[in-house]
Each structure stands twice: as C-alpha cells, then as structure tokens.
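Pasting input_24.cif here (mmCIF, C-alpha atoms, pLDDT in the B column; chains and numbers go by the auth columns):
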```
data_input
loop_
_atom_site.group_PDB
_atom_site.id
_atom_site.type_symbol
_atom_site.label_atom_id
_atom_site.label_comp_id
_atom_site.label_asym_id
_atom_site.label_seq_id
_atom_site.Cartn_x
_atom_site.Cartn_y
_atom_site.Cartn_z
_atom_site.B_iso_or_equiv
_atom_site.auth_seq_id
_atom_site.auth_asym_id
ATOM 1 C CA MET A 1 179.868 15.858 -9.404 52.00 158 A
ATOM 2 C CA TYR A 2 180.979 15.701 -5.757 56.00 159 A
ATOM 3 C CA THR A 3 181.328 12.639 -3.630 57.00 160 A
ATOM 4 C CA ILE A 4 180.898 12.878 0.112 58.00 161 A
ATOM 5 C CA LYS A 5 182.373 10.159 2.238 56.00 162 A
ATOM 6 C CA ILE A 6 180.831 9.623 5.661 58.00 163 A
ATOM 7 C CA GLN A 7 182.619 7.504 8.204 54.00 164 A
ATOM 8 C CA PRO A 8 180.924 6.140 11.335 54.00 165 A
ATOM 9 C CA VAL A 9 181.954 7.475 14.703 50.00 166 A
ATOM 10 C CA SER A 10 182.929 4.686 17.039 48.00 167 A
ATOM 11 C CA TYR A 11 182.916 6.792 20.154 47.00 168 A
ATOM 12 C CA ILE A 12 182.230 10.348 21.211 48.00 169 A
ATOM 13 C CA LYS A 13 184.472 12.312 23.500 48.00 170 A
ATOM 14 C CA TYR A 14 183.301 15.334 25.347 47.00 171 A
ATOM 15 C CA TYR A 15 184.477 17.412 28.227 47.00 172 A
ATOM 16 C CA GLN A 16 182.629 17.441 31.486 49.00 173 A
ATOM 17 C CA HIS A 17 183.023 19.834 34.345 49.00 174 A
ATOM 18 C CA THR A 18 183.409 17.987 37.619 49.00 175 A
ATOM 19 C CA SER A 19 182.118 19.798 40.658 51.00 176 A
ATOM 20 C CA SER A 20 184.535 18.293 43.162 51.00 177 A
ATOM 21 C CA THR A 21 187.816 19.302 41.576 49.00 178 A
ATOM 22 C CA SER A 22 186.711 22.198 39.370 48.00 179 A
ATOM 23 C CA GLU A 23 188.679 20.798 36.517 49.00 180 A
ATOM 24 C CA LEU A 24 187.736 19.727 33.084 49.00 181 A
ATOM 25 C CA SER A 25 188.011 16.020 32.567 49.00 182 A
ATOM 26 C CA MET A 26 187.636 14.087 29.369 51.00 183 A
ATOM 27 C CA VAL A 27 184.887 11.464 29.390 52.00 184 A
ATOM 28 C CA SER A 28 184.291 9.046 26.559 52.00 185 A
ATOM 29 C CA SER A 29 181.038 7.296 25.862 55.00 186 A
ATOM 30 C CA SER A 30 180.491 4.592 23.317 60.00 187 A
ATOM 31 C CA THR A 31 177.585 4.629 20.958 66.00 188 A
ATOM 32 C CA SER A 32 175.989 1.511 19.632 68.00 189 A
ATOM 33 C CA THR A 33 172.780 0.495 18.028 74.00 190 A
ATOM 34 C CA GLN A 34 170.864 -2.723 18.268 75.00 191 A
ATOM 35 C CA THR A 35 168.648 -4.162 15.601 72.00 192 A
ATOM 36 C CA THR A 36 165.217 -4.927 16.892 77.00 193 A
ATOM 37 C CA GLN A 37 164.015 -8.507 17.034 76.00 194 A
ATOM 38 C CA VAL A 38 161.267 -7.817 14.511 75.00 195 A
ATOM 39 C CA LEU A 39 163.770 -6.768 11.860 75.00 196 A
ATOM 40 C CA SER A 40 166.265 -9.556 12.421 76.00 197 A
ATOM 41 C CA VAL A 41 163.927 -12.557 12.677 79.00 198 A
ATOM 42 C CA ASN A 42 163.199 -13.089 8.989 82.00 199 A
ATOM 43 C CA THR A 43 166.368 -12.081 7.223 87.00 200 A
ATOM 44 C CA PRO A 44 167.205 -13.942 3.993 89.00 201 A
ATOM 45 C CA GLN A 45 170.341 -15.413 5.496 91.00 202 A
ATOM 46 C CA LYS A 46 168.478 -16.782 8.504 90.00 203 A
ATOM 47 C CA HIS A 47 165.760 -18.165 6.255 92.00 204 A
ATOM 48 C CA SER A 48 168.270 -20.039 4.101 93.00 205 A
ATOM 49 C CA LEU A 49 170.011 -21.391 7.198 94.00 206 A
ATOM 50 C CA LYS A 50 166.695 -22.559 8.634 93.00 207 A
ATOM 51 C CA VAL A 51 165.924 -24.357 5.377 95.00 208 A
ATOM 52 C CA LYS A 52 169.340 -26.038 5.377 96.00 209 A
ATOM 53 C CA ASN A 53 168.914 -26.986 9.017 96.00 210 A
ATOM 54 C CA SER A 54 165.535 -28.590 8.404 96.00 211 A
ATOM 55 C CA GLU A 55 166.907 -30.500 5.390 97.00 212 A
ATOM 56 C CA LEU A 56 169.814 -31.804 7.454 96.00 213 A
ATOM 57 C CA GLU A 57 167.493 -32.841 10.265 96.00 214 A
ATOM 58 C CA LYS A 58 165.326 -34.776 7.790 96.00 215 A
ATOM 59 C CA LYS A 59 168.386 -36.457 6.326 96.00 216 A
ATOM 60 C CA CYS A 60 169.659 -37.330 9.804 96.00 217 A
ATOM 61 C CA ASN A 61 166.314 -38.898 10.709 96.00 218 A
ATOM 62 C CA GLN A 62 166.280 -40.882 7.463 97.00 219 A
ATOM 63 C CA LEU A 63 169.794 -42.169 8.109 96.00 220 A
ATOM 64 C CA GLU A 64 168.884 -43.155 11.656 96.00 221 A
ATOM 65 C CA GLU A 65 165.892 -45.106 10.394 96.00 222 A
ATOM 66 C CA LYS A 66 168.020 -46.760 7.715 96.00 223 A
ATOM 67 C CA PHE A 67 170.602 -47.704 10.332 95.00 224 A
ATOM 68 C CA LYS A 68 167.937 -49.238 12.551 94.00 225 A
ATOM 69 C CA THR A 69 166.471 -51.331 9.757 93.00 226 A
ATOM 70 C CA GLN A 70 169.872 -52.503 8.550 91.00 227 A
ATOM 71 C CA SER A 71 171.010 -53.415 12.045 89.00 228 A
ATOM 72 C CA ILE A 72 167.828 -55.461 12.524 87.00 229 A
ATOM 73 C CA GLN A 73 168.435 -57.198 9.186 84.00 230 A
ATOM 74 C CA LEU A 74 172.013 -57.899 10.179 81.00 231 A
ATOM 75 C CA ARG A 75 170.972 -59.397 13.515 79.00 232 A
ATOM 76 C CA GLU A 76 168.476 -61.621 11.734 76.00 233 A
ATOM 77 C CA THR A 77 171.008 -62.681 9.110 72.00 234 A
ATOM 78 C CA VAL A 78 174.007 -63.491 11.266 64.00 235 A
ATOM 79 C CA THR A 79 172.713 -65.402 14.242 68.00 236 A
ATOM 80 C CA SER A 80 174.864 -68.493 14.568 76.00 237 A
ATOM 81 C CA VAL A 81 178.360 -69.823 14.208 78.00 238 A
ATOM 82 C CA ASP A 82 177.150 -72.370 11.667 79.00 239 A
ATOM 83 C CA HIS A 83 175.984 -69.538 9.471 82.00 240 A
ATOM 84 C CA PHE A 84 179.445 -67.995 9.774 84.00 241 A
ATOM 85 C CA TYR A 85 181.093 -71.226 8.698 87.00 242 A
ATOM 86 C CA GLU A 86 178.800 -71.470 5.720 87.00 243 A
ATOM 87 C CA PHE A 87 179.472 -67.861 4.800 85.00 244 A
ATOM 88 C CA CYS A 88 183.243 -68.475 4.921 89.00 245 A
ATOM 89 C CA ASP A 89 182.925 -71.557 2.764 91.00 246 A
ATOM 90 C CA VAL A 90 180.987 -69.661 0.125 92.00 247 A
ATOM 91 C CA HIS A 91 183.004 -66.450 -0.033 93.00 248 A
ATOM 92 C CA LEU A 92 186.560 -67.457 0.840 93.00 249 A
ATOM 93 C CA PRO A 93 188.998 -69.701 -0.963 94.00 250 A
ATOM 94 C CA PRO A 94 188.990 -73.244 0.447 92.00 251 A
ATOM 95 C CA ASN A 95 192.358 -73.071 2.250 93.00 252 A
ATOM 96 C CA LEU A 96 191.601 -69.740 3.867 93.00 253 A
ATOM 97 C CA SER A 97 188.112 -70.869 4.799 91.00 254 A
ATOM 98 C CA MET A 98 189.541 -73.904 6.565 92.00 255 A
ATOM 99 C CA ILE A 99 192.037 -71.754 8.521 93.00 256 A
ATOM 100 C CA VAL A 100 189.375 -69.243 9.565 92.00 257 A
ATOM 101 C CA ASN A 101 186.910 -71.946 10.572 89.00 258 A
ATOM 102 C CA ASN A 102 189.536 -73.748 12.655 91.00 259 A
ATOM 103 C CA TYR A 103 190.584 -70.490 14.307 90.00 260 A
ATOM 104 C CA VAL A 104 186.976 -69.742 15.246 87.00 261 A
ATOM 105 C CA ARG A 105 186.465 -73.250 16.607 87.00 262 A
ATOM 106 C CA MET A 106 189.538 -72.866 18.818 87.00 263 A
ATOM 107 C CA SER A 107 188.334 -69.642 20.410 77.00 264 A
#
```

As structure tokens - that is how I would like this structure written.
Amino acid sequence: MYTIKIQPVSYIKYYQHTSSTSELSMVSSSTSTQTTQVLSVNTPQKHSLKVKNSELEKKCNQLEEKFKTQSIQLRETVTSVDHFYEFCDVHLPPNLSMIVNNYVRMS
C-alpha cells in the first residue's frame, strides 16, 4: 500500500517576459481561497457559540432584573437614621452599638 502526501502550495512563482527590458523577471502571486457566506453561516461551532451567547444574554437580563428589584427593596428597607440605629442595636453588641450610634450622630 502506498501513501501519497500532498502539501498545499502557499504561493506560485513563474517567470514573465517583460517587454521593456527584454529580460526574464520572477513574479510571485499568492493564491488564496475564501469560503462562501452560505457555507460558513451555519457551522456547528458558530451554532454552539450562538447558543452560548443567547444563554449568557438571558442570564445577564435576569441578573439585571434581580439587581433592580433588590435595590428597590433596599431603598424601601433602609430609609432613615432611626432605622439604622435600631439595626445596630439588634445586630451589634451593646458597647459597639453605642459607639457606632454616637459616631453617626456626630457626623
């Protein structure tokens, strides 16, 4: 069994006769191919990336909505200094609560 190995040609060189100098000059031309739009639109890789993109957009929108609702709840919850004092009294030890409350009153 024979194996034939074919390697792509990156450029082609050919000789061209120039009329002005009557000499042979070497001219190189590059060859390239382009994939048509029809073939490259629905590739599996692009499809998976589109799916991931849409999932991330949905998640981003959900997080934005969650942020909006939580910021509204926070604004409704913490609206006054008295509420802050009460919150400190409940969640901090008594000595620390007194220091924090006095510091806030001074400012």

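Going from CA of Phe241 (chain A) to CA of Lys225 (chain A) covers 22.2 Å.
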
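Atom pair CA of Val257 (chain A) / CA of Glu243 (chain A): separated by 11.5 Å.
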
query = Which residues, written as a list in words, have at least one atom at most 12 Å from Asn258 (chain A), with only C-alpha atoms counted and residues fewer than 6 positions away on the same chain left out?
reply =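 The contact residues come out as Val238, Asp239, His240, Phe241, Tyr242, Glu243, Phe244, Cys245, Asp246, Leu249, Pro250, Pro251, Asn252 and Ser264 of chain A.
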
request  = Report the distance between CA of Val247 (chain A) and CA of Ile229 (chain A) in Å, rounded to one decimal place.
outcome  =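 CA of Ile229 (chain A) lies 23.0 Å from CA of Val247 (chain A).
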
First collect every listed atom of region 216-226 of chain A; then fit an axis-aligned box around them, widen it by 8 Å on each side, and give centre and edge lengths in Å to one decimal, as JSON.
```
{"center_x": 168.2, "center_y": -43.9, "center_z": 9.4, "size_x": 20.7, "size_y": 30.9, "size_z": 22.2}
```
